[in-house]
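Read the structure below first, then the notes.
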Amino acid sequence: MKLDPQNIDQSVIKLAADIILQGGLVAFPTETVYGLGANALDERAVIKIFQAKRRPMDNPIIVHVADIEDVWVLAEEVPPSAELLMKRFWPGPLTFVLLRSELVPDVVTARLPSVCIRMPIHPVASRLISTAGVPIAAPSANLAGRPSPTTAQHVINDLWGEVDVILDAGETDYGLDSTILDLTCKPPTILRPGPITLEELRAVLGDVEVHPVAKAELTVEAAVAKSPGMKHKHYAPRAQMTLVEGDVEQIPSKINDLYSYYKGVEKSVGILATQETCDKYEAERVKVLGTRSNLKSIAKNLFKLLREFDDEGVDIILAEGVKPIGIGLAIMNRLRKASSLIVRVGPH
Ligand code: AMP
Ligand code: MG
């Protein structure tokens, strides 16, 4: 069902909220990506999310609220750092890991002692949660392992027949999943980089770390993963992807070498480039992510272009890396996790 986020039809929201209250599944837009929602307090409804996405049951789900007060209901303890960050960044694309209260069903947290909580700013998400009057558990609305959905069409492609209603309010703003910050440890640790950056969090809290697995560098073993989602393959297109990262001056020639090799063995190849470098390729399939001078533009297009290459049936994707600074850290996390090979050329 289509919705205009500037002029929301409350009868559509009411219909979707009733589905949530009856234990059904609703796909809905947020400012990050589309979510697949169920009543977080209804264990049977949440199990349907895992079935629809074919998500491993050991991977817990973020709980979404429309009112800050709900955090005190879902969490056993709310540290002062959480209050500071909520004031600064909520509603918005920042998720907290906090000690859970007894109200949260085991299936939501995969039996962890903690729960992930976020308050989205998208008007459709916020209206849906407040109309339902219950917290909504919602992972990204894609099949497990696939790129996160940034349009309703992506949800249709992955989950048609698995969900009771899809609310379509157009393309999402950030195009990248939320930042996940663990506040149950010291110092606070980013488990998944996202639109709220390390630099912004440090400006408020001082000491903040990035979990080594969240950098997604290949040298880190899955065994030290802290967020269960860290060890699962993620965000991946069907095509086999190689990421070339490091010195921007050297990236295009490395990609051109790889391109010649794959052409030689008769593979169809797509290149994920940036505005600054796209004219350095002679390949027929070159897609421009955005400009290096505005990494947000790259974040917004990343998952969409991975899916486009899949629709076009390419065998191989060769992708350029960006500097892992600001939202670039989140972009590199997604690119690295989606790649089966990472090639480094010189320093960043
Ligand atoms: P998604 O649902 O697709 O946005 O992914 C949610 C991410 O949050 C997954 O990587 C989960 O592993 C992670 N997550 C959810 N709950 C927790 C938790 N209690 N502790 C650590 N990570 C969590
Ligand atoms: Mg996901």
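Ordering of the structure tokens sets the chain letters (A, B, ...), residue numbers begin anew at 1 in every chain, and ligands are numbered from 1 in the order given.
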Using only C-alpha atoms and all ligand atoms, find each residue of chain A with at least one atom at most 8 Å away from an atom of ligand 2; report its shortest atom-to-atom pair and that distance in Å (one decimal), sort the rows by chain and rising residue number, and return the result as a Markdown table.
| residue | atom | partner | partner_atom_place_in_ligand_line | distance |
| --- | --- | --- | --- | --- |
| A:Pro139 | CA | ligand 2 | 1 (Mg) | 5.5 |
| A:Ser140 | CA | ligand 2 | 1 (Mg) | 4.3 |
| A:Ala141 | CA | ligand 2 | 1 (Mg) | 7.3 |
| A:Asn142 | CA | ligand 2 | 1 (Mg) | 7.0 |
| A:Ala144 | CA | ligand 2 | 1 (Mg) | 6.8 |
| A:Gly145 | CA | ligand 2 | 1 (Mg) | 7.4 |
| A:Pro147 | CA | ligand 2 | 1 (Mg) | 7.8 |
| A:Ser148 | CA | ligand 2 | 1 (Mg) | 5.9 |
| A:Asp177 | CA | ligand 2 | 1 (Mg) | 7.4 |
| A:His234 | CA | ligand 2 | 1 (Mg) | 7.5 |
| A:Tyr235 | CA | ligand 2 | 1 (Mg) | 7.5 |
Check which residues fall inside 9 Å of ligand 1 when counting only C-alpha atoms and all ligand atoms, and print them as a VMD selection string. chain A and resid 33 35 to 36 58 to 63 95 to 100 108 to 117 137 to 142 144 148 177 to 178 180 to 182 191 to 192 226 to 232
Just write the chosen residues, C-alpha atoms, as a tab-separated table (two decimals), in the first residue's frame.
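Writing done, so here's again14.tsv:
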chain	number	residue	atom	x	y	z
A	33	VAL	CA	16.20	0.63	5.27
A	35	GLY	CA	12.00	-3.20	8.16
A	36	LEU	CA	9.98	-6.42	8.60
A	58	ASP	CA	20.63	-17.16	16.95
A	59	ASN	CA	20.56	-13.70	15.36
A	60	PRO	CA	18.55	-11.31	17.58
A	61	ILE	CA	16.26	-8.52	16.36
A	62	ILE	CA	16.16	-4.79	17.05
A	63	VAL	CA	13.10	-3.52	18.92
A	95	THR	CA	20.50	1.59	18.06
A	96	PHE	CA	21.54	0.83	21.66
A	97	VAL	CA	22.43	-2.50	23.20
A	98	LEU	CA	21.16	-2.41	26.79
A	99	LEU	CA	20.47	-5.03	29.48
A	100	ARG	CA	17.02	-6.42	28.75
A	108	VAL	CA	13.74	-11.40	20.21
A	109	THR	CA	17.16	-11.38	21.90
A	110	ALA	CA	18.19	-14.92	20.94
A	111	ARG	CA	18.47	-15.53	24.71
A	112	LEU	CA	21.14	-12.87	25.17
A	113	PRO	CA	21.01	-10.85	28.42
A	114	SER	CA	20.78	-7.70	26.27
A	115	VAL	CA	18.28	-6.12	23.90
A	116	CYS	CA	18.77	-3.78	20.92
A	117	ILE	CA	16.47	-0.71	20.93
A	137	ALA	CA	10.62	-6.00	16.50
A	138	ALA	CA	12.00	-5.47	13.01
A	139	PRO	CA	15.09	-6.63	11.19
A	140	SER	CA	15.73	-5.47	7.63
A	141	ALA	CA	13.02	-6.73	5.26
A	142	ASN	CA	15.25	-8.83	3.02
A	144	ALA	CA	18.85	-13.28	5.26
A	148	SER	CA	19.18	-4.64	2.80
A	177	ASP	CA	21.24	0.07	8.41
A	178	SER	CA	21.46	1.88	11.77
A	180	ILE	CA	24.59	-0.30	16.73
A	181	LEU	CA	26.30	0.88	19.93
A	182	ASP	CA	26.84	-1.49	22.84
A	191	LEU	CA	29.10	-3.33	16.90
A	192	ARG	CA	27.81	-2.14	13.51
A	226	LYS	CA	30.09	-10.03	19.89
A	227	SER	CA	26.89	-9.31	17.98
A	228	PRO	CA	25.57	-12.61	16.62
A	229	GLY	CA	24.88	-10.94	13.27
A	230	MET	CA	28.58	-10.26	12.93
A	231	LYS	CA	29.43	-13.83	12.06
A	232	HIS	CA	26.77	-14.37	9.41
Spatial neighbours of region 118-120 of chain A, max dist 6 Å, only C-alpha atoms, sep filter under 3 positions, as a ChimeraX atom specification: /A:64-66,91-92,95
Write out the residues from the selection above, keeping N, CA, C and O atoms, as a tab-separated table (two decimals), in the first residue's frame.
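The new file out_16.tsv reads:
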chain	number	residue	atom	x	y	z
A	64	HIS	N	11.88	-1.63	17.99
A	64	HIS	CA	11.66	-0.22	17.63
A	64	HIS	C	10.56	0.38	18.49
A	64	HIS	O	9.52	-0.24	18.69
A	65	VAL	N	10.81	1.58	19.00
A	65	VAL	CA	9.83	2.26	19.85
A	65	VAL	C	9.49	3.62	19.25
A	65	VAL	O	10.23	4.15	18.41
A	66	ALA	N	8.34	4.18	19.69
A	66	ALA	CA	7.93	5.50	19.20
A	66	ALA	C	8.02	6.54	20.31
A	66	ALA	O	7.79	7.73	20.09
A	91	PRO	N	14.70	10.96	17.78
A	91	PRO	CA	14.63	9.76	16.95
A	91	PRO	C	15.66	9.81	15.85
A	91	PRO	O	15.98	10.90	15.36
A	92	GLY	N	16.17	8.64	15.45
A	92	GLY	CA	17.19	8.61	14.41
A	92	GLY	C	17.88	7.26	14.28
A	92	GLY	O	17.53	6.31	15.00
A	95	THR	N	21.07	2.68	17.27
A	95	THR	CA	20.50	1.59	18.06
A	95	THR	C	21.39	1.33	19.27
A	95	THR	O	22.61	1.30	19.13
From a DSSP calculation on the backbone, collect every residue of region 41-287 of chain A in helix (DSSP H, G or I) and output the set as an mmCIF file with C-alpha atoms, in the first residue's frame.
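Contents of the output file selection.cif:
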data_model
loop_
_atom_site.group_PDB
_atom_site.id
_atom_site.type_symbol
_atom_site.label_atom_id
_atom_site.label_comp_id
_atom_site.auth_asym_id
_atom_site.auth_seq_id
_atom_site.Cartn_x
_atom_site.Cartn_y
_atom_site.Cartn_z
ATOM 1 C CA GLU A 43 6.713 -14.549 20.624
ATOM 2 C CA ARG A 44 4.751 -16.389 17.915
ATOM 3 C CA ALA A 45 4.640 -13.291 15.724
ATOM 4 C CA VAL A 46 8.395 -12.738 16.077
ATOM 5 C CA ILE A 47 9.086 -16.353 15.072
ATOM 6 C CA LYS A 48 7.300 -15.595 11.784
ATOM 7 C CA ILE A 49 9.957 -12.951 11.055
ATOM 8 C CA PHE A 50 12.725 -15.552 11.287
ATOM 9 C CA GLN A 51 10.746 -17.928 9.042
ATOM 10 C CA ALA A 52 9.954 -15.282 6.404
ATOM 11 C CA LYS A 53 13.551 -14.053 6.182
ATOM 12 C CA ASP A 70 9.453 2.681 26.379
ATOM 13 C CA VAL A 71 13.198 2.220 26.779
ATOM 14 C CA TRP A 72 12.712 2.017 30.567
ATOM 15 C CA VAL A 73 10.126 -0.731 30.007
ATOM 16 C CA LEU A 74 12.312 -2.843 27.707
ATOM 17 C CA PRO A 80 23.462 8.086 31.720
ATOM 18 C CA SER A 81 25.358 7.637 28.429
ATOM 19 C CA ALA A 82 22.163 6.290 26.831
ATOM 20 C CA GLU A 83 20.172 9.291 28.074
ATOM 21 C CA LEU A 84 22.739 11.707 26.647
ATOM 22 C CA LEU A 85 22.746 9.974 23.273
ATOM 23 C CA MET A 86 18.945 9.703 23.124
ATOM 24 C CA LYS A 87 18.679 13.459 23.652
ATOM 25 C CA ARG A 88 21.163 14.106 20.875
ATOM 26 C CA PHE A 89 20.347 11.467 18.230
ATOM 27 C CA ASP A 106 13.698 -14.769 24.491
ATOM 28 C CA VAL A 107 13.169 -15.147 20.779
ATOM 29 C CA VAL A 108 13.737 -11.397 20.208
ATOM 30 C CA THR A 109 17.156 -11.380 21.902
ATOM 31 C CA PRO A 123 7.039 9.383 10.025
ATOM 32 C CA VAL A 124 5.509 6.130 8.707
ATOM 33 C CA ALA A 125 7.565 3.982 11.100
ATOM 34 C CA SER A 126 6.843 6.221 14.031
ATOM 35 C CA ARG A 127 3.104 6.436 13.292
ATOM 36 C CA LEU A 128 2.850 2.654 12.832
ATOM 37 C CA ILE A 129 4.501 1.952 16.195
ATOM 38 C CA SER A 130 2.459 4.525 18.111
ATOM 39 C CA THR A 131 -0.830 3.434 16.500
ATOM 40 C CA ALA A 132 -0.131 -0.236 17.288
ATOM 41 C CA ALA A 152 9.353 -1.447 -1.427
ATOM 42 C CA GLN A 153 10.192 -3.222 -4.704
ATOM 43 C CA HIS A 154 13.250 -4.799 -3.010
ATOM 44 C CA VAL A 155 10.914 -6.135 -0.293
ATOM 45 C CA ILE A 156 8.519 -7.491 -2.929
ATOM 46 C CA ASN A 157 11.424 -9.223 -4.700
ATOM 47 C CA ASP A 158 12.607 -10.963 -1.509
ATOM 48 C CA LEU A 159 9.472 -11.536 0.585
ATOM 49 C CA LEU A 198 32.169 7.131 15.418
ATOM 50 C CA GLU A 199 33.276 10.777 15.336
ATOM 51 C CA GLU A 200 29.761 12.000 16.328
ATOM 52 C CA LEU A 201 29.533 9.471 19.177
ATOM 53 C CA ARG A 202 32.985 10.402 20.475
ATOM 54 C CA ALA A 203 31.992 14.069 20.465
ATOM 55 C CA VAL A 204 29.261 13.223 23.001
ATOM 56 C CA LEU A 205 30.798 10.392 25.047
ATOM 57 C CA PRO A 212 37.314 -5.274 15.580
ATOM 58 C CA VAL A 213 34.742 -7.441 13.796
ATOM 59 C CA ALA A 214 32.704 -4.339 12.889
ATOM 60 C CA LYS A 215 35.588 -3.157 10.729
ATOM 61 C CA ALA A 222 34.393 -14.872 13.486
ATOM 62 C CA ALA A 223 35.037 -16.455 16.893
ATOM 63 C CA VAL A 224 35.506 -13.052 18.562
ATOM 64 C CA PRO A 228 25.572 -12.609 16.617
ATOM 65 C CA GLY A 229 24.884 -10.939 13.266
ATOM 66 C CA MET A 230 28.581 -10.255 12.932
ATOM 67 C CA LYS A 231 29.426 -13.829 12.064
ATOM 68 C CA ILE A 251 42.295 1.554 -7.513
ATOM 69 C CA PRO A 252 41.172 1.976 -11.171
ATOM 70 C CA SER A 253 44.204 0.283 -12.713
ATOM 71 C CA LYS A 254 43.848 -2.681 -10.335
ATOM 72 C CA ILE A 255 40.156 -2.973 -11.218
ATOM 73 C CA ASN A 256 41.005 -2.785 -14.929
ATOM 74 C CA ASP A 257 43.495 -5.671 -14.480
ATOM 75 C CA LEU A 258 40.874 -7.779 -12.730
ATOM 76 C CA TYR A 259 38.334 -6.830 -15.390
ATOM 77 C CA SER A 260 40.631 -8.079 -18.212
ATOM 78 C CA TYR A 261 41.208 -11.310 -16.354
ATOM 79 C CA TYR A 262 37.494 -12.020 -15.848
ATOM 80 C CA LYS A 263 36.646 -11.034 -19.434
ATOM 81 C CA GLY A 264 39.320 -13.488 -20.558
ATOM 82 C CA CYS A 278 34.160 6.295 -13.492
ATOM 83 C CA ASP A 279 35.730 7.559 -16.733
ATOM 84 C CA LYS A 280 38.811 5.401 -16.093
#
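For Leu167 (chain A), the set of protein, DNA and RNA residues having any atom at most 7 Å away, when counting only C-alpha atoms and skipping those fewer than 2 positions along the same chain, is Met1, Lys2, Leu3, Ala27, Phe28, Pro29, Val165 and Ala169 of chain A.
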Residues at most 8 Å from Ile327 (chain A), counting only C-alpha atoms, excluding those fewer than 5 positions away in the same chain, as a ChimeraX atom specification? /A:193-197,295-296,299
If I take CA of Val78 (chain A) and CA of Gly328 (chain A), how far is one from the other in Å, to one decimal? 29.5 Å
Within 10 Å of Gln240 (chain A), counting only C-alpha atoms, which residues show up once you throw out same-chain ones fewer than 2 positions away? Write them as a ChimeraX atom specification, please. /A:236-238,242,269,314-318,338-341
Mind dumping the selected residues with all heavy atoms as a CSV table (one decimal), in the first residue's frame?
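Result file result-v1.csv:
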chain,number,residue,atom,x,y,z
A,236,ALA,N,25.1,-9.5,0.8
A,236,ALA,CA,25.8,-10.0,-0.4
A,236,ALA,C,24.9,-10.1,-1.6
A,236,ALA,O,23.8,-10.6,-1.5
A,236,ALA,CB,26.4,-11.3,-0.1
A,237,PRO,N,25.3,-9.6,-2.7
A,237,PRO,CA,24.6,-9.8,-4.0
A,237,PRO,C,24.9,-11.3,-4.4
A,237,PRO,O,25.7,-12.0,-3.8
A,237,PRO,CB,25.4,-8.9,-5.0
A,237,PRO,CG,26.7,-8.7,-4.4
A,237,PRO,CD,26.6,-8.9,-2.9
A,238,ARG,N,24.1,-11.8,-5.4
A,238,ARG,CA,24.4,-13.1,-5.9
A,238,ARG,C,25.7,-13.2,-6.6
A,238,ARG,O,26.3,-14.3,-6.6
A,238,ARG,CB,23.2,-13.6,-6.8
A,238,ARG,CG,21.9,-13.7,-6.0
A,238,ARG,CD,20.8,-14.4,-6.8
A,238,ARG,NE,19.6,-14.4,-6.0
A,238,ARG,CZ,18.7,-13.4,-6.1
A,238,ARG,NH1,18.9,-12.4,-7.0
A,238,ARG,NH2,17.6,-13.3,-5.4
A,242,THR,N,34.4,-8.6,-5.7
A,242,THR,CA,35.8,-8.3,-5.2
A,242,THR,C,35.9,-6.8,-4.9
A,242,THR,O,35.4,-6.0,-5.7
A,242,THR,CB,36.8,-8.6,-6.3
A,242,THR,OG1,36.8,-10.0,-6.5
A,242,THR,CG2,38.2,-8.2,-5.8
A,269,VAL,N,30.9,-8.9,-16.2
A,269,VAL,CA,31.5,-8.1,-15.0
A,269,VAL,C,30.8,-6.8,-14.9
A,269,VAL,O,30.6,-6.1,-15.9
A,269,VAL,CB,33.0,-7.9,-15.2
A,269,VAL,CG1,33.6,-7.2,-14.0
A,269,VAL,CG2,33.7,-9.2,-15.5
A,314,VAL,N,24.9,-10.2,-13.7
A,314,VAL,CA,26.3,-10.3,-13.8
A,314,VAL,C,26.9,-11.4,-12.9
A,314,VAL,O,26.4,-11.7,-11.9
A,314,VAL,CB,27.0,-8.9,-13.5
A,314,VAL,CG1,26.4,-7.8,-14.3
A,314,VAL,CG2,27.0,-8.6,-12.0
A,315,ASP,N,28.1,-11.9,-13.3
A,315,ASP,CA,28.7,-13.0,-12.6
A,315,ASP,C,29.6,-12.4,-11.5
A,315,ASP,O,29.8,-13.0,-10.4
A,315,ASP,CB,29.6,-13.8,-13.5
A,315,ASP,CG,28.9,-14.4,-14.7
A,315,ASP,OD1,27.8,-15.0,-14.4
A,315,ASP,OD2,29.3,-14.3,-15.8
A,316,ILE,N,30.3,-11.3,-11.9
A,316,ILE,CA,31.3,-10.7,-11.0
A,316,ILE,C,31.1,-9.2,-10.8
A,316,ILE,O,30.7,-8.5,-11.8
A,316,ILE,CB,32.7,-10.8,-11.7
A,316,ILE,CG1,33.0,-12.2,-12.2
A,316,ILE,CG2,33.8,-10.2,-10.9
A,316,ILE,CD1,33.4,-13.2,-11.0
A,317,ILE,N,31.2,-8.7,-9.6
A,317,ILE,CA,31.2,-7.3,-9.3
A,317,ILE,C,32.6,-6.8,-8.8
A,317,ILE,O,33.1,-7.5,-7.9
A,317,ILE,CB,30.1,-6.9,-8.3
A,317,ILE,CG1,28.7,-7.3,-8.8
A,317,ILE,CG2,30.2,-5.4,-8.0
A,317,ILE,CD1,27.6,-7.1,-7.8
A,318,LEU,N,33.1,-5.8,-9.4
A,318,LEU,CA,34.4,-5.2,-8.9
A,318,LEU,C,34.0,-3.9,-8.3
A,318,LEU,O,33.5,-3.0,-9.0
A,318,LEU,CB,35.4,-5.1,-10.1
A,318,LEU,CG,35.7,-6.4,-10.9
A,318,LEU,CD1,36.6,-6.1,-12.1
A,318,LEU,CD2,36.4,-7.4,-9.9
A,338,ALA,N,30.1,-7.9,2.0
A,338,ALA,CA,29.4,-8.4,0.8
A,338,ALA,C,30.4,-9.1,-0.1
A,338,ALA,O,30.0,-9.7,-1.1
A,338,ALA,CB,28.7,-7.3,0.1
A,339,SER,N,31.7,-8.9,0.1
A,339,SER,CA,32.8,-9.3,-0.8
A,339,SER,C,33.3,-10.7,-0.5
A,339,SER,O,33.4,-11.0,0.7
A,339,SER,CB,33.9,-8.3,-0.8
A,339,SER,OG,33.5,-7.1,-1.3
A,340,SER,N,33.7,-11.4,-1.5
A,340,SER,CA,34.3,-12.7,-1.2
A,340,SER,C,35.9,-12.5,-1.3
A,340,SER,O,36.6,-13.4,-0.9
A,340,SER,CB,33.9,-13.8,-2.1
A,340,SER,OG,33.6,-13.4,-3.4
A,341,LEU,N,36.3,-11.4,-1.8
A,341,LEU,CA,37.7,-11.1,-2.0
A,341,LEU,C,38.0,-9.7,-1.7
A,341,LEU,O,37.3,-8.8,-2.2
A,341,LEU,CB,38.2,-11.5,-3.4
A,341,LEU,CG,39.7,-11.5,-3.6
A,341,LEU,CD1,40.4,-12.5,-2.7
A,341,LEU,CD2,40.0,-11.8,-5.1
Would you kindly return, as a list of chain:residue names, each protein, DNA or RNA residue with an atom no farther than 9 Å from any atom of Val345 (chain A), considering only C-alpha atoms and excluding same-chain residues fewer than 2 positions away? A:Val244, A:Glu245, A:Gly246, A:Asp247, A:Val248, A:Gln250, A:Ile251, A:Lys254, A:Val343, A:Pro347, A:His348
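The space between CA of Val134 (chain A) and CA of Thr189 (chain A) spans 28.3 Å.
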Calculated over only C-alpha atoms, which of the candidates A:Thr151, A:Gly206, A:Ile190, A:Glu320 has the smallest distance to Asp168 (chain A)? A:Thr151
As a PyMOL selection string, please: every residue in region 137-329 of chain A that a backbone DSSP assignment puts in strand (DSSP E). chain A and resi 137+165-166+179-182+189-192+209-210+240-246+269-273+286-288+316-320
Save the residues we just selected, N, CA and C atoms, as an mmCIF file, in the first residue's frame?
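Wrote again.cif, looks like this:
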data_model
loop_
_atom_site.group_PDB
_atom_site.id
_atom_site.type_symbol
_atom_site.label_atom_id
_atom_site.label_comp_id
_atom_site.auth_asym_id
_atom_site.auth_seq_id
_atom_site.Cartn_x
_atom_site.Cartn_y
_atom_site.Cartn_z
ATOM 1 N N ALA A 137 9.342 -5.350 16.820
ATOM 2 C CA ALA A 137 10.618 -5.996 16.496
ATOM 3 C C ALA A 137 10.738 -6.007 14.984
ATOM 4 N N VAL A 165 1.340 -7.182 4.779
ATOM 5 C CA VAL A 165 1.210 -5.918 4.045
ATOM 6 C C VAL A 165 2.579 -5.255 3.937
ATOM 7 N N ILE A 166 2.802 -4.572 2.808
ATOM 8 C CA ILE A 166 4.034 -3.790 2.627
ATOM 9 C C ILE A 166 3.619 -2.328 2.505
ATOM 10 N N THR A 179 23.412 2.487 13.054
ATOM 11 C CA THR A 179 24.601 2.255 13.884
ATOM 12 C C THR A 179 24.164 1.473 15.120
ATOM 13 N N ILE A 180 24.896 0.422 15.487
ATOM 14 C CA ILE A 180 24.594 -0.298 16.734
ATOM 15 C C ILE A 180 25.712 -0.034 17.737
ATOM 16 N N LEU A 181 25.328 0.521 18.896
ATOM 17 C CA LEU A 181 26.295 0.884 19.931
ATOM 18 C C LEU A 181 26.005 0.082 21.194
ATOM 19 N N ASP A 182 26.988 -0.678 21.631
ATOM 20 C CA ASP A 182 26.842 -1.488 22.838
ATOM 21 C C ASP A 182 27.161 -0.632 24.058
ATOM 22 N N THR A 189 30.944 0.480 22.708
ATOM 23 C CA THR A 189 31.583 -0.113 21.529
ATOM 24 C C THR A 189 30.604 -0.212 20.357
ATOM 25 N N ILE A 190 31.038 0.252 19.203
ATOM 26 C CA ILE A 190 30.216 0.134 17.991
ATOM 27 C C ILE A 190 30.291 -1.304 17.482
ATOM 28 N N LEU A 191 29.137 -1.962 17.418
ATOM 29 C CA LEU A 191 29.098 -3.330 16.900
ATOM 30 C C LEU A 191 28.779 -3.335 15.409
ATOM 31 N N ARG A 192 28.082 -2.277 14.955
ATOM 32 C CA ARG A 192 27.813 -2.137 13.514
ATOM 33 C C ARG A 192 27.894 -0.658 13.182
ATOM 34 N N GLU A 209 34.758 2.850 21.233
ATOM 35 C CA GLU A 209 35.584 1.978 20.396
ATOM 36 C C GLU A 209 34.769 1.366 19.273
ATOM 37 N N VAL A 210 35.485 0.869 18.264
ATOM 38 C CA VAL A 210 34.819 0.095 17.220
ATOM 39 C C VAL A 210 35.245 -1.350 17.423
ATOM 40 N N GLN A 240 29.585 -12.739 -7.483
ATOM 41 C CA GLN A 240 30.765 -12.788 -6.626
ATOM 42 C C GLN A 240 31.435 -11.421 -6.666
ATOM 43 N N MET A 241 31.678 -10.850 -5.493
ATOM 44 C CA MET A 241 32.184 -9.475 -5.468
ATOM 45 C C MET A 241 33.630 -9.409 -4.967
ATOM 46 N N THR A 242 34.429 -8.585 -5.653
ATOM 47 C CA THR A 242 35.786 -8.278 -5.203
ATOM 48 C C THR A 242 35.864 -6.788 -4.892
ATOM 49 N N LEU A 243 36.386 -6.481 -3.718
ATOM 50 C CA LEU A 243 36.534 -5.087 -3.300
ATOM 51 C C LEU A 243 37.991 -4.677 -3.452
ATOM 52 N N VAL A 244 38.230 -3.554 -4.121
ATOM 53 C CA VAL A 244 39.592 -3.038 -4.223
ATOM 54 C C VAL A 244 39.660 -1.755 -3.390
ATOM 55 N N GLU A 245 40.435 -1.786 -2.309
ATOM 56 C CA GLU A 245 40.488 -0.647 -1.395
ATOM 57 C C GLU A 245 41.909 -0.130 -1.229
ATOM 58 N N GLY A 246 42.022 1.087 -0.714
ATOM 59 C CA GLY A 246 43.333 1.666 -0.482
ATOM 60 C C GLY A 246 43.474 2.997 -1.199
ATOM 61 N N VAL A 269 30.892 -8.880 -16.166
ATOM 62 C CA VAL A 269 31.450 -8.135 -15.045
ATOM 63 C C VAL A 269 30.791 -6.765 -14.907
ATOM 64 N N GLY A 270 30.430 -6.405 -13.683
ATOM 65 C CA GLY A 270 29.935 -5.056 -13.404
ATOM 66 C C GLY A 270 30.943 -4.334 -12.522
ATOM 67 N N ILE A 271 31.090 -3.017 -12.738
ATOM 68 C CA ILE A 271 32.015 -2.243 -11.914
ATOM 69 C C ILE A 271 31.236 -1.211 -11.101
ATOM 70 N N LEU A 272 31.497 -1.180 -9.798
ATOM 71 C CA LEU A 272 30.891 -0.181 -8.902
ATOM 72 C C LEU A 272 31.919 0.910 -8.685
ATOM 73 N N ALA A 273 31.710 2.058 -9.326
ATOM 74 C CA ALA A 273 32.709 3.121 -9.334
ATOM 75 C C ALA A 273 32.177 4.359 -8.613
ATOM 76 N N VAL A 286 29.260 -0.049 -15.982
ATOM 77 C CA VAL A 286 29.852 0.713 -14.889
ATOM 78 C C VAL A 286 28.708 1.456 -14.197
ATOM 79 N N LYS A 287 28.570 1.296 -12.893
ATOM 80 C CA LYS A 287 27.549 2.050 -12.160
ATOM 81 C C LYS A 287 28.250 2.997 -11.188
ATOM 82 N N VAL A 288 27.692 4.198 -11.082
ATOM 83 C CA VAL A 288 28.303 5.212 -10.228
ATOM 84 C C VAL A 288 27.569 5.258 -8.891
ATOM 85 N N ILE A 316 30.277 -11.253 -11.864
ATOM 86 C CA ILE A 316 31.330 -10.686 -11.028
ATOM 87 C C ILE A 316 31.056 -9.199 -10.822
ATOM 88 N N ILE A 317 31.228 -8.711 -9.585
ATOM 89 C CA ILE A 317 31.193 -7.266 -9.334
ATOM 90 C C ILE A 317 32.568 -6.843 -8.816
ATOM 91 N N LEU A 318 33.114 -5.804 -9.427
ATOM 92 C CA LEU A 318 34.378 -5.228 -8.940
ATOM 93 C C LEU A 318 34.033 -3.875 -8.336
ATOM 94 N N ALA A 319 34.302 -3.702 -7.038
ATOM 95 C CA ALA A 319 33.863 -2.488 -6.347
ATOM 96 C C ALA A 319 35.043 -1.687 -5.828
ATOM 97 N N GLU A 320 34.917 -0.373 -5.901
ATOM 98 C CA GLU A 320 35.919 0.527 -5.332
ATOM 99 C C GLU A 320 35.646 0.735 -3.842
#
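With only C-alpha atoms as the atoms that count, the residue of A:Asp173, A:Pro324, A:Val26, A:Ala75 with the shortest distance to Ile136 (chain A) is A:Val26.
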By how many Å are CA of Glu102 (chain A) and CA of Cys185 (chain A) apart? 20.1 Å
